[in-house]
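Trainee: Take a look at this one; I'll ask things after.
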Amino acid sequence: AGAPCQWGGALGTGLREACVALDKILELSGGPFINGEQLTAADCHLLPLLERAEAIVPYYFGSEVLDGQVPFARARRMLEVARATTFFGEICSDATTLGRTNIVYAPRGFHADATVAAEIDGTAREVAQRWLEVAREQAPARRDAAARLVRNH
């Protein structure tokens with residue numbers, strides 16, 4: 001996530017299929033985790049990936065994509081419970097940091113959703129748009145985002 005995919009729309013078929021499969025597993029388990037109420041090693045592996053998808057997909061493709069194109073409500077619940085009740089709450093990051101550290105992977109000419117980025121970042125749309133335009137070319141902006149990531153961990 002973080003760059004448009006050639007096939008399957010903004011999310012590509014891989015992320016969509018993974019979200020559909022996880023949703024089925026979480027539904028069968030009764031959630032919030034893969035094994036129901038008990039956090040497992042598999043959940044621990046998934047949490048950082050889900051955290052990034054939850055942050056990056058809206059940052060670059062709009063806030064409606066996860067809920068409109070794939071089932072993400074159970075994955076979001078998994079993240080919320082993990083943040084509130086497990087070690088993950090101590091090590092998780094924030095959407096701004098995740099979105100900004102991944103801008104470098106987007107193809108040239110790609111434009112993030114500045115309105116959603118501004119909402120996530122807590123800035124005006126114009127401020128977010130200006131940052132998104134210069135971030136690819138300016139290493140200090142990316143270093144600032146990386147430093148925020150390190151401070152959060």
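Convention: chains lettered A, B, ... in structure tokens order; per-chain residue numbering from 1; ligands numbered from 1 as shown.
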Neighbours of Pro58 (chain A) within 10 Å (only C-alpha atoms; same-chain residues fewer than 2 positions away dropped), as number ranges by chain?

Mentor: A: 1-2, 53-56, 60-67, 95, 99, 112-113, 116-117, 120

Trainee: Residues of the last selection are to be written out with N, CA, C and O atoms, as an mmCIF file, in the first residue's frame.

Mentor:
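Final file, result.cif:
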data_model
loop_
_atom_site.group_PDB
_atom_site.id
_atom_site.type_symbol
_atom_site.label_atom_id
_atom_site.label_comp_id
_atom_site.auth_asym_id
_atom_site.auth_seq_id
_atom_site.Cartn_x
_atom_site.Cartn_y
_atom_site.Cartn_z
ATOM 1 N N ALA A 1 0.853 -1.181 0.000
ATOM 2 C CA ALA A 1 0.000 0.000 0.000
ATOM 3 C C ALA A 1 0.886 1.227 0.000
ATOM 4 O O ALA A 1 1.983 1.206 0.491
ATOM 5 N N GLY A 2 0.381 2.293 -0.524
ATOM 6 C CA GLY A 2 1.151 3.525 -0.581
ATOM 7 C C GLY A 2 1.438 3.932 -1.996
ATOM 8 O O GLY A 2 1.952 4.997 -2.239
ATOM 9 N N ALA A 53 -1.533 -0.513 6.717
ATOM 10 C CA ALA A 53 -2.645 -0.438 5.765
ATOM 11 C C ALA A 53 -3.683 0.574 6.250
ATOM 12 O O ALA A 53 -4.174 1.393 5.469
ATOM 13 N N GLU A 54 -4.008 0.539 7.548
ATOM 14 C CA GLU A 54 -4.996 1.454 8.114
ATOM 15 C C GLU A 54 -4.569 2.913 7.946
ATOM 16 O O GLU A 54 -5.395 3.798 7.711
ATOM 17 N N ALA A 55 -3.269 3.180 8.018
ATOM 18 C CA ALA A 55 -2.767 4.546 7.900
ATOM 19 C C ALA A 55 -2.516 4.953 6.455
ATOM 20 O O ALA A 55 -2.917 6.037 6.030
ATOM 21 N N ILE A 56 -1.863 4.098 5.711
ATOM 22 C CA ILE A 56 -1.367 4.484 4.391
ATOM 23 C C ILE A 56 -2.450 4.490 3.326
ATOM 24 O O ILE A 56 -2.495 5.388 2.483
ATOM 25 N N TYR A 60 -3.226 7.986 1.144
ATOM 26 C CA TYR A 60 -2.954 8.129 -0.281
ATOM 27 C C TYR A 60 -4.158 7.959 -1.188
ATOM 28 O O TYR A 60 -4.155 8.458 -2.310
ATOM 29 N N PHE A 61 -5.175 7.263 -0.740
ATOM 30 C CA PHE A 61 -6.281 6.956 -1.642
ATOM 31 C C PHE A 61 -7.630 7.460 -1.174
ATOM 32 O O PHE A 61 -8.624 7.283 -1.847
ATOM 33 N N GLY A 62 -7.699 8.062 0.004
ATOM 34 C CA GLY A 62 -8.959 8.583 0.512
ATOM 35 C C GLY A 62 -9.502 7.744 1.653
ATOM 36 O O GLY A 62 -9.220 6.558 1.774
ATOM 37 N N SER A 63 -10.297 8.386 2.491
ATOM 38 C CA SER A 63 -10.769 7.743 3.714
ATOM 39 C C SER A 63 -11.804 6.658 3.482
ATOM 40 O O SER A 63 -12.004 5.805 4.331
ATOM 41 N N GLU A 64 -12.457 6.645 2.333
ATOM 42 C CA GLU A 64 -13.518 5.664 2.098
ATOM 43 C C GLU A 64 -13.024 4.360 1.504
ATOM 44 O O GLU A 64 -13.784 3.386 1.425
ATOM 45 N N VAL A 65 -11.763 4.281 1.111
ATOM 46 C CA VAL A 65 -11.289 3.117 0.360
ATOM 47 C C VAL A 65 -11.347 1.827 1.173
ATOM 48 O O VAL A 65 -11.895 0.835 0.706
ATOM 49 N N LEU A 66 -10.805 1.822 2.380
ATOM 50 C CA LEU A 66 -10.779 0.570 3.146
ATOM 51 C C LEU A 66 -12.173 0.051 3.443
ATOM 52 O O LEU A 66 -12.428 -1.136 3.358
ATOM 53 N N ASP A 67 -13.063 0.924 3.808
ATOM 54 C CA ASP A 67 -14.411 0.469 4.130
ATOM 55 C C ASP A 67 -15.253 0.219 2.883
ATOM 56 O O ASP A 67 -16.165 -0.585 2.911
ATOM 57 N N ALA A 95 -0.579 7.628 12.176
ATOM 58 C CA ALA A 95 -0.862 7.630 10.740
ATOM 59 C C ALA A 95 -0.018 8.644 9.980
ATOM 60 O O ALA A 95 0.420 8.378 8.855
ATOM 61 N N GLY A 99 2.317 7.504 6.988
ATOM 62 C CA GLY A 99 2.035 8.044 5.660
ATOM 63 C C GLY A 99 3.214 8.795 5.077
ATOM 64 O O GLY A 99 3.589 8.613 3.923
ATOM 65 N N ALA A 112 -1.169 12.192 -3.541
ATOM 66 C CA ALA A 112 -1.938 11.684 -2.404
ATOM 67 C C ALA A 112 -3.218 12.486 -2.252
ATOM 68 O O ALA A 112 -3.374 13.556 -2.838
ATOM 69 N N ASP A 113 -4.125 11.989 -1.469
ATOM 70 C CA ASP A 113 -5.368 12.677 -1.179
ATOM 71 C C ASP A 113 -5.058 13.757 -0.131
ATOM 72 O O ASP A 113 -4.968 13.471 1.064
ATOM 73 N N VAL A 116 -7.556 14.191 2.935
ATOM 74 C CA VAL A 116 -7.434 13.177 3.983
ATOM 75 C C VAL A 116 -6.106 13.335 4.715
ATOM 76 O O VAL A 116 -6.043 13.234 5.940
ATOM 77 N N ALA A 117 -5.015 13.597 3.967
ATOM 78 C CA ALA A 117 -3.712 13.800 4.604
ATOM 79 C C ALA A 117 -3.791 14.957 5.601
ATOM 80 O O ALA A 117 -3.254 14.860 6.706
ATOM 81 N N ILE A 120 -5.690 13.757 8.701
ATOM 82 C CA ILE A 120 -4.859 12.866 9.510
ATOM 83 C C ILE A 120 -3.763 13.650 10.219
ATOM 84 O O ILE A 120 -3.479 13.449 11.396
#

Trainee: Based on DSSP run over this structure's backbone, return all residues of region 33-98 of chain A in helix (DSSP H, G or I), as a PyMOL selection string.

Mentor: chain A and resi 41-61+65-69+73-85+88-91+95-98

Trainee: Return the single residue from A:Glu17, A:Asp23, A:Phe88, A:Ala75 that is closest to Cys44 (chain A), with distances computed using only C-alpha atoms.

Mentor: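 Checking each candidate against Cys44 (chain A), we get A:Phe88 as the closest.
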
Trainee: Counting only C-alpha atoms, which residue out of A:Arg143, A:Ile91, A:Thr115, A:Arg76 sits closest to Ile103 (chain A)?

Mentor: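 Among the listed residues, the smallest separation from Ile103 (chain A) belongs to A:Arg143.
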
Trainee: Suppose you want the space between CA of Glu90 (chain A) and CA of Ala21 (chain A); what is it in Å?

Mentor: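 The value is 27.5 Å.
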